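Here is the file structure08.pdb (PDB, C-alpha atoms and all ligand atoms).
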ATOM      1  CA  MET A1478       2.940 -53.124 -19.874  1.00  0.00           C
ATOM      2  CA  LYS A1479       4.011 -49.563 -20.455  1.00  0.00           C
ATOM      3  CA  ILE A1480       6.593 -48.631 -17.882  1.00  0.00           C
ATOM      4  CA  GLN A1481       6.411 -44.911 -18.424  1.00  0.00           C
ATOM      5  CA  ASP A1482       4.210 -42.923 -16.016  1.00  0.00           C
ATOM      6  CA  ASP A1483       3.861 -45.661 -13.412  1.00  0.00           C
ATOM      7  CA  ILE A1484       3.373 -44.353  -9.891  1.00  0.00           C
ATOM      8  CA  LEU A1485       5.591 -45.606  -7.090  1.00  0.00           C
ATOM      9  CA  SER A1486       6.262 -44.952  -3.441  1.00  0.00           C
ATOM     10  CA  TYR A1487       9.774 -43.893  -2.496  1.00  0.00           C
ATOM     11  CA  ARG A1488      10.371 -47.401  -1.073  1.00  0.00           C
ATOM     12  CA  GLU A1489       9.189 -49.119  -4.255  1.00  0.00           C
ATOM     13  CA  MET A1490      11.458 -46.914  -6.331  1.00  0.00           C
ATOM     14  CA  CYS A1491      14.486 -47.779  -4.153  1.00  0.00           C
ATOM     15  CA  ASP A1492      13.578 -51.480  -4.239  1.00  0.00           C
ATOM     16  CA  ILE A1493      13.331 -51.467  -8.034  1.00  0.00           C
ATOM     17  CA  GLU A1494      16.781 -49.892  -8.176  1.00  0.00           C
ATOM     18  CA  GLY A1495      18.167 -52.257  -5.521  1.00  0.00           C
ATOM     19  CA  VAL A1496      19.337 -49.500  -3.165  1.00  0.00           C
ATOM     20  CA  GLN A1497      18.569 -48.502   0.415  1.00  0.00           C
ATOM     21  CA  THR A1498      18.144 -44.827  -0.364  1.00  0.00           C
ATOM     22  CA  LEU A1499      18.290 -42.480  -3.318  1.00  0.00           C
ATOM     23  CA  GLN A1500      19.559 -39.076  -2.272  1.00  0.00           C
ATOM     24  CA  ARG A1501      21.307 -37.486  -5.208  1.00  0.00           C
ATOM     25  CA  GLY A1502      19.674 -36.203  -8.357  1.00  0.00           C
ATOM     26  CA  MET A1503      22.300 -37.716 -10.644  1.00  0.00           C
ATOM     27  CA  ASN A1504      23.382 -41.320 -10.247  1.00  0.00           C
ATOM     28  CA  TYR A1505      25.676 -42.312 -13.101  1.00  0.00           C
ATOM     29  CA  ARG A1506      25.571 -46.099 -13.635  1.00  0.00           C
ATOM     30  CA  LEU A1507      23.598 -46.786 -10.505  1.00  0.00           C
ATOM     31  CA  ASN A1508      22.982 -50.047 -12.328  1.00  0.00           C
ATOM     32  CA  PRO A1509      25.560 -51.730 -14.594  1.00  0.00           C
ATOM     33  CA  ARG A1510      23.280 -51.027 -17.549  1.00  0.00           C
ATOM     34  CA  TYR A1511      21.899 -47.580 -16.851  1.00  0.00           C
ATOM     35  CA  THR A1512      21.951 -44.293 -14.992  1.00  0.00           C
ATOM     36  CA  VAL A1513      19.194 -42.950 -12.737  1.00  0.00           C
ATOM     37  CA  ILE A1514      18.148 -39.322 -12.333  1.00  0.00           C
ATOM     38  CA  LEU A1515      15.614 -37.839  -9.948  1.00  0.00           C
ATOM     39  CA  MET A1516      13.594 -34.811 -10.954  1.00  0.00           C
ATOM     40  CA  SER A1517      11.606 -32.499  -8.781  1.00  0.00           C
ATOM     41  CA  GLN A1518       9.410 -29.696 -10.048  1.00  0.00           C
ATOM     42  CA  ARG A1519       7.966 -28.137  -6.962  1.00  0.00           C
ATOM     43  CA  SER A1520       7.751 -24.390  -7.392  1.00  0.00           C
ATOM     44  CA  ASN A1521      10.791 -23.995  -5.146  1.00  0.00           C
ATOM     45  CA  ALA A1522      12.674 -26.887  -6.730  1.00  0.00           C
ATOM     46  CA  PRO A1523      16.367 -26.124  -6.948  1.00  0.00           C
ATOM     47  CA  TYR A1524      16.619 -27.167 -10.584  1.00  0.00           C
ATOM     48  CA  GLN A1525      14.432 -26.388 -13.573  1.00  0.00           C
ATOM     49  CA  ASP A1526      13.629 -29.062 -16.119  1.00  0.00           C
ATOM     50  CA  LYS A1527      12.277 -28.310 -19.535  1.00  0.00           C
ATOM     51  CA  ILE A1528      10.387 -30.337 -22.187  1.00  0.00           C
ATOM     52  CA  HIS A1529      11.203 -29.560 -25.852  1.00  0.00           C
ATOM     53  CA  GLU A1530       8.655 -28.899 -28.632  1.00  0.00           C
ATOM     54  CA  ASP A1531       8.878 -32.479 -29.910  1.00  0.00           C
ATOM     55  CA  GLY A1532       7.334 -33.606 -26.614  1.00  0.00           C
ATOM     56  CA  ILE A1533       9.883 -36.358 -26.034  1.00  0.00           C
ATOM     57  CA  THR A1534      13.082 -34.474 -25.257  1.00  0.00           C
ATOM     58  CA  ILE A1535      13.887 -32.992 -21.874  1.00  0.00           C
ATOM     59  CA  GLU A1536      16.656 -30.829 -20.526  1.00  0.00           C
ATOM     60  CA  TYR A1537      17.992 -31.741 -17.136  1.00  0.00           C
ATOM     61  CA  GLU A1538      20.130 -29.293 -15.211  1.00  0.00           C
ATOM     62  CA  GLY A1539      23.424 -30.461 -13.745  1.00  0.00           C
ATOM     63  CA  HIS A1540      24.298 -30.343 -10.062  1.00  0.00           C
ATOM     64  CA  ASP A1541      25.980 -27.555  -8.125  1.00  0.00           C
ATOM     65  CA  VAL A1542      29.238 -27.632  -6.177  1.00  0.00           C
ATOM     66  CA  SER A1543      28.682 -29.013  -2.702  1.00  0.00           C
ATOM     67  CA  ARG A1544      28.148 -26.530   0.053  1.00  0.00           C
ATOM     68  CA  GLN A1545      31.382 -25.741   1.888  1.00  0.00           C
ATOM     69  CA  SER A1546      30.022 -23.796   4.846  1.00  0.00           C
ATOM     70  CA  TYR A1547      26.947 -22.036   6.134  1.00  0.00           C
ATOM     71  CA  GLN A1548      27.835 -18.801   4.300  1.00  0.00           C
ATOM     72  CA  HIS A1549      28.790 -20.541   1.068  1.00  0.00           C
ATOM     73  CA  ASN A1550      26.133 -20.372  -1.664  1.00  0.00           C
ATOM     74  CA  PRO A1551      26.626 -23.064  -4.344  1.00  0.00           C
ATOM     75  CA  LYS A1552      24.286 -21.063  -6.623  1.00  0.00           C
ATOM     76  CA  ASP A1553      27.021 -18.414  -6.942  1.00  0.00           C
ATOM     77  CA  GLU A1554      29.457 -20.812  -8.576  1.00  0.00           C
ATOM     78  CA  ASN A1555      29.792 -22.466 -11.954  1.00  0.00           C
ATOM     79  CA  GLN A1556      28.637 -26.052 -11.887  1.00  0.00           C
ATOM     80  CA  PRO A1557      31.696 -28.308 -11.658  1.00  0.00           C
ATOM     81  CA  SER A1558      32.690 -31.119 -14.013  1.00  0.00           C
ATOM     82  CA  LYS A1559      35.676 -32.088 -11.828  1.00  0.00           C
ATOM     83  CA  LEU A1560      36.586 -32.150  -8.164  1.00  0.00           C
ATOM     84  CA  PRO A1561      39.765 -30.358  -6.989  1.00  0.00           C
ATOM     85  CA  SER A1562      41.415 -33.802  -7.027  1.00  0.00           C
ATOM     86  CA  GLY A1563      40.707 -34.061 -10.770  1.00  0.00           C
ATOM     87  CA  ARG A1564      38.110 -36.793 -10.353  1.00  0.00           C
ATOM     88  CA  LEU A1565      35.010 -36.378 -12.477  1.00  0.00           C
ATOM     89  CA  THR A1566      31.830 -35.243 -10.756  1.00  0.00           C
ATOM     90  CA  GLN A1567      28.445 -36.607 -11.844  1.00  0.00           C
ATOM     91  CA  ASN A1568      28.330 -33.699 -14.333  1.00  0.00           C
ATOM     92  CA  GLY A1569      31.750 -34.791 -15.622  1.00  0.00           C
ATOM     93  CA  LEU A1570      30.652 -38.413 -16.010  1.00  0.00           C
ATOM     94  CA  PHE A1571      27.560 -37.353 -17.964  1.00  0.00           C
ATOM     95  CA  ILE A1572      29.683 -35.097 -20.223  1.00  0.00           C
ATOM     96  CA  LYS A1573      32.166 -37.887 -20.884  1.00  0.00           C
ATOM     97  CA  ALA A1574      29.319 -40.229 -21.877  1.00  0.00           C
ATOM     98  CA  VAL A1575      27.937 -37.602 -24.304  1.00  0.00           C
ATOM     99  CA  GLU A1576      31.337 -36.956 -25.877  1.00  0.00           C
ATOM    100  CA  GLU A1577      32.085 -40.641 -26.358  1.00  0.00           C
ATOM    101  CA  TYR A1578      28.649 -41.121 -27.912  1.00  0.00           C
ATOM    102  CA  LYS A1579      29.162 -38.176 -30.281  1.00  0.00           C
ATOM    103  CA  ASN A1580      32.572 -39.559 -31.278  1.00  0.00           C
ATOM    104  CA  GLU A1581      30.865 -42.863 -32.062  1.00  0.00           C
ATOM    105  CA  LYS A1582      32.807 -44.706 -29.409  1.00  0.00           C
ATOM    106  CA  ARG A1583      29.704 -45.979 -27.658  1.00  0.00           C
ATOM    107  CA  GLU A1584      25.921 -46.099 -27.661  1.00  0.00           C
ATOM    108  CA  PRO A1585      24.139 -43.304 -25.784  1.00  0.00           C
ATOM    109  CA  GLU A1586      23.944 -43.753 -22.031  1.00  0.00           C
ATOM    110  CA  LEU A1587      20.514 -44.996 -20.911  1.00  0.00           C
ATOM    111  CA  VAL A1588      18.921 -42.871 -18.221  1.00  0.00           C
ATOM    112  CA  LYS A1589      15.903 -43.811 -16.136  1.00  0.00           C
ATOM    113  CA  ALA A1590      14.214 -40.633 -14.926  1.00  0.00           C
ATOM    114  CA  TYR A1591      11.981 -40.578 -11.862  1.00  0.00           C
ATOM    115  CA  GLU A1592      10.066 -37.465 -10.900  1.00  0.00           C
ATOM    116  CA  LYS A1593       8.669 -36.483  -7.563  1.00  0.00           C
ATOM    117  CA  ILE A1594       4.944 -35.739  -7.697  1.00  0.00           C
ATOM    118  CA  MET A1595       4.717 -35.018  -3.983  1.00  0.00           C
ATOM    119  CA  ASP A1596       6.237 -36.369  -0.778  1.00  0.00           C
ATOM    120  CA  GLY A1597       6.346 -40.153  -1.037  1.00  0.00           C
ATOM    121  CA  VAL A1598       4.764 -40.212  -4.523  1.00  0.00           C
ATOM    122  CA  TRP A1599       7.095 -40.781  -7.453  1.00  0.00           C
ATOM    123  CA  SER A1600       6.484 -41.444 -11.104  1.00  0.00           C
ATOM    124  CA  LEU A1601       8.709 -43.047 -13.694  1.00  0.00           C
ATOM    125  CA  LYS A1602       9.042 -40.397 -16.386  1.00  0.00           C
ATOM    126  CA  GLY A1603      10.572 -42.889 -18.785  1.00  0.00           C
ATOM    127  CA  ILE A1604      13.818 -44.256 -20.124  1.00  0.00           C
ATOM    128  CA  PHE A1605      15.900 -41.774 -22.039  1.00  0.00           C
ATOM    129  CA  GLU A1606      19.039 -41.650 -24.134  1.00  0.00           C
ATOM    130  CA  LEU A1607      21.626 -39.093 -23.045  1.00  0.00           C
ATOM    131  CA  ILE A1608      22.443 -37.466 -26.378  1.00  0.00           C
ATOM    132  CA  ASP A1609      23.894 -34.018 -25.744  1.00  0.00           C
ATOM    133  CA  TYR A1610      24.659 -31.272 -23.279  1.00  0.00           C
ATOM    134  CA  LYS A1611      25.169 -27.544 -23.311  1.00  0.00           C
ATOM    135  CA  ILE A1612      26.577 -24.936 -21.012  1.00  0.00           C
ATOM    136  CA  VAL A1613      24.174 -22.093 -20.259  1.00  0.00           C
ATOM    137  CA  ASN A1614      24.824 -18.863 -18.408  1.00  0.00           C
ATOM    138  CA  ASP A1615      21.935 -18.273 -16.018  1.00  0.00           C
ATOM    139  CA  GLY A1616      22.815 -14.632 -15.463  1.00  0.00           C
ATOM    140  CA  LYS A1617      25.522 -15.083 -12.899  1.00  0.00           C
ATOM    141  CA  ARG A1618      27.181 -18.415 -13.512  1.00  0.00           C
ATOM    142  CA  ASN A1619      27.482 -21.371 -15.895  1.00  0.00           C
ATOM    143  CA  VAL A1620      25.239 -24.402 -15.542  1.00  0.00           C
ATOM    144  CA  PHE A1621      25.094 -27.651 -17.499  1.00  0.00           C
ATOM    145  CA  ARG A1622      21.978 -28.750 -19.301  1.00  0.00           C
ATOM    146  CA  PHE A1623      21.842 -32.384 -20.335  1.00  0.00           C
ATOM    147  CA  ILE A1624      19.662 -33.323 -23.296  1.00  0.00           C
ATOM    148  CA  LEU A1625      17.690 -36.542 -22.869  1.00  0.00           C
ATOM    149  CA  LYS A1626      15.475 -38.114 -25.504  1.00  0.00           C
ATOM    150  CA  LEU A1627      12.759 -40.594 -24.600  1.00  0.00           C
ATOM    151  CA  THR A1628      13.339 -44.060 -26.045  1.00  0.00           C
ATOM    152  CA  TYR A1629      10.742 -46.717 -26.637  1.00  0.00           C
ATOM    153  CA  LYS A1630      13.173 -49.401 -27.631  1.00  0.00           C
ATOM    154  CA  ASN A1631      12.939 -52.191 -25.112  1.00  0.00           C
ATOM    155  CA  VAL A1632      16.404 -51.249 -23.990  1.00  0.00           C
ATOM    156  CA  LEU A1633      16.333 -52.950 -20.629  1.00  0.00           C
ATOM    157  CA  GLY A1634      14.960 -56.246 -21.867  1.00  0.00           C
ATOM    158  CA  ASN A1635      11.752 -56.019 -19.818  1.00  0.00           C
ATOM    159  CA  LYS A1636       9.690 -59.063 -20.785  1.00  0.00           C
ATOM    160  CA  ASP A1637       6.405 -57.290 -20.018  1.00  0.00           C
ATOM    161  CA  TYR A1638       7.326 -54.332 -22.149  1.00  0.00           C
ATOM    162  CA  LYS A1639       4.738 -53.164 -24.609  1.00  0.00           C
ATOM    163  CA  GLN A1640       6.049 -51.425 -27.690  1.00  0.00           C
ATOM    164  CA  VAL A1641       4.484 -48.010 -28.212  1.00  0.00           C
ATOM    165  CA  GLU A1642       4.836 -45.842 -31.277  1.00  0.00           C
ATOM    166  CA  ILE A1643       7.100 -43.003 -30.278  1.00  0.00           C
ATOM    167  CA  SER A1644       5.338 -40.697 -32.732  1.00  0.00           C
ATOM    168  CA  HIS A1645       2.164 -41.141 -30.682  1.00  0.00           C
ATOM    169  CA  THR A1646       3.497 -40.119 -27.360  1.00  0.00           C
ATOM    170  CA  ARG A1647       4.511 -37.097 -25.394  1.00  0.00           C
ATOM    171  CA  ILE A1648       5.981 -36.653 -21.980  1.00  0.00           C
ATOM    172  CA  ILE A1649       3.393 -35.596 -19.406  1.00  0.00           C
ATOM    173  CA  PRO A1650       4.752 -32.497 -17.666  1.00  0.00           C
ATOM    174  CA  SER A1651       5.365 -32.981 -13.933  1.00  0.00           C
ATOM    175  CA  GLU A1652       3.102 -30.058 -13.072  1.00  0.00           C
ATOM    176  CA  VAL A1653       0.232 -31.761 -14.908  1.00  0.00           C
ATOM    177  CA  LYS A1654       0.863 -35.033 -13.060  1.00  0.00           C
ATOM    178  CA  LYS A1655       0.844 -33.206  -9.774  1.00  0.00           C
ATOM    179  CA  GLU A1656      -2.526 -31.578 -10.498  1.00  0.00           C
ATOM    180  CA  VAL A1657      -4.040 -34.818 -11.804  1.00  0.00           C
ATOM    181  CA  TRP A1658      -2.908 -36.653  -8.684  1.00  0.00           C
ATOM    182  CA  LYS A1659      -4.660 -34.063  -6.516  1.00  0.00           C
ATOM    183  CA  ARG A1660      -7.819 -33.957  -8.653  1.00  0.00           C
ATOM    184  CA  ASP A1661      -8.181 -37.764  -8.757  1.00  0.00           C
ATOM    185  CA  LYS A1662      -7.205 -38.009  -5.057  1.00  0.00           C
ATOM    186  CA  GLY A1663      -4.601 -40.675  -5.641  1.00  0.00           C
ATOM    187  CA  ARG A1664      -7.171 -43.239  -6.881  1.00  0.00           C
ATOM    188  CA  CYS A1665      -8.141 -44.990 -10.104  1.00  0.00           C
ATOM    189  CA  VAL A1666     -10.951 -42.867 -11.577  1.00  0.00           C
ATOM    190  CA  ILE A1667     -12.936 -45.989 -12.490  1.00  0.00           C
ATOM    191  CA  CYS A1668     -12.726 -48.256  -9.431  1.00  0.00           C
ATOM    192  CA  GLY A1669     -11.033 -46.241  -6.690  1.00  0.00           C
ATOM    193  CA  GLU A1670      -8.023 -48.551  -6.376  1.00  0.00           C
ATOM    194  CA  THR A1671      -5.019 -46.886  -4.736  1.00  0.00           C
ATOM    195  CA  LYS A1672      -2.281 -49.361  -5.711  1.00  0.00           C
ATOM    196  CA  ASN A1673      -0.361 -49.909  -8.963  1.00  0.00           C
ATOM    197  CA  LEU A1674      -1.548 -46.655 -10.428  1.00  0.00           C
ATOM    198  CA  HIS A1675      -0.534 -45.119 -13.709  1.00  0.00           C
ATOM    199  CA  PHE A1676      -0.961 -41.721 -15.360  1.00  0.00           C
ATOM    200  CA  ASP A1677      -3.044 -42.433 -18.433  1.00  0.00           C
ATOM    201  CA  HIS A1678      -3.310 -39.958 -21.274  1.00  0.00           C
ATOM    202  CA  ASP A1679      -5.347 -39.528 -24.398  1.00  0.00           C
ATOM    203  CA  LEU A1680      -3.457 -38.528 -27.475  1.00  0.00           C
ATOM    204  CA  PRO A1681      -4.223 -34.893 -28.131  1.00  0.00           C
ATOM    205  CA  PHE A1682      -1.191 -34.797 -30.415  1.00  0.00           C
ATOM    206  CA  SER A1683      -2.998 -36.871 -33.039  1.00  0.00           C
ATOM    207  CA  LYS A1684      -5.982 -34.544 -32.795  1.00  0.00           C
ATOM    208  CA  GLY A1685      -3.862 -31.530 -33.515  1.00  0.00           C
ATOM    209  CA  GLY A1686      -3.136 -30.638 -29.925  1.00  0.00           C
ATOM    210  CA  THR A1687       0.399 -29.876 -28.923  1.00  0.00           C
ATOM    211  CA  SER A1688       0.512 -30.419 -25.218  1.00  0.00           C
ATOM    212  CA  LEU A1689      -0.831 -32.671 -22.557  1.00  0.00           C
ATOM    213  CA  THR A1690      -3.022 -30.892 -20.070  1.00  0.00           C
ATOM    214  CA  VAL A1691      -4.790 -31.868 -16.880  1.00  0.00           C
ATOM    215  CA  LYS A1692      -7.961 -32.445 -18.962  1.00  0.00           C
ATOM    216  CA  ASN A1693      -6.547 -35.348 -20.981  1.00  0.00           C
ATOM    217  CA  VAL A1694      -4.640 -37.123 -18.220  1.00  0.00           C
ATOM    218  CA  ARG A1695      -6.167 -39.326 -15.502  1.00  0.00           C
ATOM    219  CA  LEU A1696      -5.238 -41.944 -12.936  1.00  0.00           C
ATOM    220  CA  LEU A1697      -5.952 -45.570 -13.765  1.00  0.00           C
ATOM    221  CA  CYS A1698      -5.104 -48.768 -11.908  1.00  0.00           C
ATOM    222  CA  MET A1699      -3.196 -51.519 -13.679  1.00  0.00           C
ATOM    223  CA  LYS A1700      -6.362 -53.467 -14.525  1.00  0.00           C
ATOM    224  CA  HIS A1701      -8.190 -50.547 -16.089  1.00  0.00           C
ATOM    225  CA  ASN A1702      -5.071 -49.356 -17.823  1.00  0.00           C
ATOM    226  CA  LEU A1703      -4.686 -52.775 -19.470  1.00  0.00           C
ATOM    227  CA  GLN A1704      -8.363 -52.879 -20.426  1.00  0.00           C
ATOM    228  CA  LYS A1705      -8.059 -49.519 -22.077  1.00  0.00           C
ATOM    229  CA  SER A1706      -4.993 -50.479 -24.117  1.00  0.00           C
ATOM    230  CA  GLY A1707      -6.751 -53.717 -25.121  1.00  0.00           C
ATOM    231  CA  ARG A1708      -9.542 -51.665 -26.647  1.00  0.00           C
ATOM    232  CA  ILE A1709      -7.298 -49.328 -28.539  1.00  0.00           C
ATOM    233  CA  GLU A1710      -4.846 -51.760 -30.060  1.00  0.00           C
TER     234      GLU A1710
HETATM  235 ZN    ZN B   1      -9.353 -49.305 -11.687  1.00  0.00          ZN
END
If you took the structure in this file and wrote it as structure tokens, what would it be?
Ligand SMILES: [Zn+2]
Amino acid sequence: MKIQDDILSYREMCDIEGVQTLQRGMNYRLNPRYTVILMSQRSNAPYQDKIHEDGITIEYEGHDVSRQSYQHNPKDENQPSKLPSGRLTQNGLFIKAVEEYKNEKREPELVKAYEKIMDGVWSLKGIFELIDYKIVNDGKRNVFRFILKLTYKNVLGNKDYKQVEISHTRIIPSEVKKEVWKRDKGRCVICGETKNLHFDHDLPFSKGGTSLTVKNVRLLCMKHNLQKSGRIE
């Protein structure tokens, strides 16, 4: 089974991660083997996420300082890598992981990215390797941008995992998922099932296309998703 693009309720997502709630965007080593990030791309989302040309690399913006008071605007301040006490923030932990990886002291940190499609509807964007970061000035302050590359190695030892050629995939942009969810009304387009859904996409890349659009993405239930992959491979 492909684990990318599966659709989950908030509860299912928390259960998979073995936690009561997931509140923060960045959760370094939520699990002994990996980190979890949450992404949200509503038009008024506080952070912007960007997909690179290669279709498998995303940039994830770091978190702001916490709000000190009603008047305090965290968006006026540089994003912090340390707390006043000297302890590393989530940004700091991510940076440390990147630097150790670049100095060949460790393998890249594995990051599971979930994205919010709408209230109560989440999708697993995929499992990524945290390979780099940069500091960007957004016009009034410095923000971190973490570089994450999709991996198709069966890094988490999932026994149901189906190997997919990385050269034949692209990340479906969150905006596209959101529109597809609305168009297909949260149901499998073949049988109308509303559980165990998955965003299924054709491969426009191999036909010379460069991006996934609403036209080549649809909702399928687990059964029809499996049937489809059985035909292709
Ligand atoms: Zn179906």
Pull the closest atom pair for each residue of chain A that gets at most 10 Å from ligand ZN 1 (chain B), along with the distance in Å to one decimal, counting all atoms listed in the file, ordering rows by chain and then ascending residue number, as CSV.
residue,atom,partner,partner_atom,distance
A:Arg1664,CA,B:ZN1,ZN,8.0
A:Cys1665,CA,B:ZN1,ZN,4.8
A:Val1666,CA,B:ZN1,ZN,6.6
A:Ile1667,CA,B:ZN1,ZN,4.9
A:Cys1668,CA,B:ZN1,ZN,4.2
A:Gly1669,CA,B:ZN1,ZN,6.1
A:Glu1670,CA,B:ZN1,ZN,5.5
A:Thr1671,CA,B:ZN1,ZN,8.5
A:Lys1672,CA,B:ZN1,ZN,9.3
A:Asn1673,CA,B:ZN1,ZN,9.4
A:Leu1674,CA,B:ZN1,ZN,8.3
A:His1675,CA,B:ZN1,ZN,10.0
A:Leu1696,CA,B:ZN1,ZN,8.5
A:Leu1697,CA,B:ZN1,ZN,5.5
A:Cys1698,CA,B:ZN1,ZN,4.3
A:Met1699,CA,B:ZN1,ZN,6.8
A:Lys1700,CA,B:ZN1,ZN,5.9
A:His1701,CA,B:ZN1,ZN,4.7
A:Asn1702,CA,B:ZN1,ZN,7.5
A:Leu1703,CA,B:ZN1,ZN,9.7
A:Gln1704,CA,B:ZN1,ZN,9.5
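With atom CA of A:Phe1623 on one side and atom CA of A:Trp1599 on the other, the separation reads 21.3 Å.
Neighbours of A:Val1620 closer than or equal to 8 Å, with only C-alpha atoms counted and sequence neighbours fewer than 2 positions away skipped, come out as Glu1538, Gly1539, Asn1555, Gln1556, Ile1612, Val1613, Asn1614, Asp1615, Arg1618 and Arg1622 of chain A.
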Counting all atoms listed in the file, note down every residue that has an atom within 12 Å of the point (30.8, -33.6, -25.0) (file coordinates), as a ChimeraX atom specification. /A:1558,1568-1581,1585,1607-1612,1621-1624
Which residues fall under the PyMOL selection byres (((chain A and resi 1650-1653) around 12) and not hetatm) in this file, as a CSV table (one decimal) with C-alpha atoms, keeping the file's coordinate frame?
chain,number,residue,atom,x,y,z
A,1482,ASP,CA,4.2,-42.9,-16.0
A,1516,MET,CA,13.6,-34.8,-11.0
A,1517,SER,CA,11.6,-32.5,-8.8
A,1518,GLN,CA,9.4,-29.7,-10.0
A,1519,ARG,CA,8.0,-28.1,-7.0
A,1520,SER,CA,7.8,-24.4,-7.4
A,1522,ALA,CA,12.7,-26.9,-6.7
A,1525,GLN,CA,14.4,-26.4,-13.6
A,1526,ASP,CA,13.6,-29.1,-16.1
A,1527,LYS,CA,12.3,-28.3,-19.5
A,1528,ILE,CA,10.4,-30.3,-22.2
A,1529,HIS,CA,11.2,-29.6,-25.9
A,1532,GLY,CA,7.3,-33.6,-26.6
A,1533,ILE,CA,9.9,-36.4,-26.0
A,1534,THR,CA,13.1,-34.5,-25.3
A,1535,ILE,CA,13.9,-33.0,-21.9
A,1590,ALA,CA,14.2,-40.6,-14.9
A,1591,TYR,CA,12.0,-40.6,-11.9
A,1592,GLU,CA,10.1,-37.5,-10.9
A,1593,LYS,CA,8.7,-36.5,-7.6
A,1594,ILE,CA,4.9,-35.7,-7.7
A,1595,MET,CA,4.7,-35.0,-4.0
A,1598,VAL,CA,4.8,-40.2,-4.5
A,1599,TRP,CA,7.1,-40.8,-7.5
A,1600,SER,CA,6.5,-41.4,-11.1
A,1601,LEU,CA,8.7,-43.0,-13.7
A,1602,LYS,CA,9.0,-40.4,-16.4
A,1603,GLY,CA,10.6,-42.9,-18.8
A,1647,ARG,CA,4.5,-37.1,-25.4
A,1648,ILE,CA,6.0,-36.7,-22.0
A,1649,ILE,CA,3.4,-35.6,-19.4
A,1654,LYS,CA,0.9,-35.0,-13.1
A,1655,LYS,CA,0.8,-33.2,-9.8
A,1656,GLU,CA,-2.5,-31.6,-10.5
A,1657,VAL,CA,-4.0,-34.8,-11.8
A,1658,TRP,CA,-2.9,-36.7,-8.7
A,1659,LYS,CA,-4.7,-34.1,-6.5
A,1660,ARG,CA,-7.8,-34.0,-8.7
A,1676,PHE,CA,-1.0,-41.7,-15.4
A,1677,ASP,CA,-3.0,-42.4,-18.4
A,1678,HIS,CA,-3.3,-40.0,-21.3
A,1688,SER,CA,0.5,-30.4,-25.2
A,1689,LEU,CA,-0.8,-32.7,-22.6
A,1690,THR,CA,-3.0,-30.9,-20.1
A,1691,VAL,CA,-4.8,-31.9,-16.9
A,1692,LYS,CA,-8.0,-32.4,-19.0
A,1693,ASN,CA,-6.5,-35.3,-21.0
A,1694,VAL,CA,-4.6,-37.1,-18.2
A,1695,ARG,CA,-6.2,-39.3,-15.5
A,1696,LEU,CA,-5.2,-41.9,-12.9
Please, could N, CA and C atoms be added to stretch 1568-1579 of chain A and the result written as a tab-separated table (two decimals), in the coordinates of the input?
chain	number	residue	atom	x	y	z
A	1568	ASN	N	28.39	-34.50	-13.09
A	1568	ASN	CA	28.33	-33.70	-14.33
A	1568	ASN	C	29.40	-34.19	-15.30
A	1569	GLY	N	30.62	-34.36	-14.79
A	1569	GLY	CA	31.75	-34.79	-15.62
A	1569	GLY	C	31.51	-36.16	-16.25
A	1570	LEU	N	30.93	-37.06	-15.49
A	1570	LEU	CA	30.65	-38.41	-16.01
A	1570	LEU	C	29.61	-38.35	-17.13
A	1571	PHE	N	28.60	-37.51	-16.94
A	1571	PHE	CA	27.56	-37.35	-17.96
A	1571	PHE	C	28.18	-36.76	-19.24
A	1572	ILE	N	29.04	-35.75	-19.07
A	1572	ILE	CA	29.68	-35.10	-20.22
A	1572	ILE	C	30.55	-36.10	-20.99
A	1573	LYS	N	31.30	-36.89	-20.25
A	1573	LYS	CA	32.17	-37.89	-20.88
A	1573	LYS	C	31.33	-38.87	-21.71
A	1574	ALA	N	30.20	-39.29	-21.15
A	1574	ALA	CA	29.32	-40.23	-21.88
A	1574	ALA	C	28.81	-39.59	-23.16
A	1575	VAL	N	28.43	-38.31	-23.10
A	1575	VAL	CA	27.94	-37.60	-24.30
A	1575	VAL	C	29.05	-37.52	-25.35
A	1576	GLU	N	30.25	-37.13	-24.91
A	1576	GLU	CA	31.34	-36.96	-25.88
A	1576	GLU	C	31.72	-38.28	-26.53
A	1577	GLU	N	31.76	-39.33	-25.77
A	1577	GLU	CA	32.08	-40.64	-26.36
A	1577	GLU	C	31.00	-41.09	-27.34
A	1578	TYR	N	29.75	-40.78	-27.01
A	1578	TYR	CA	28.65	-41.12	-27.91
A	1578	TYR	C	28.76	-40.32	-29.21
A	1579	LYS	N	29.05	-39.03	-29.09
A	1579	LYS	CA	29.16	-38.18	-30.28
A	1579	LYS	C	30.36	-38.57	-31.15
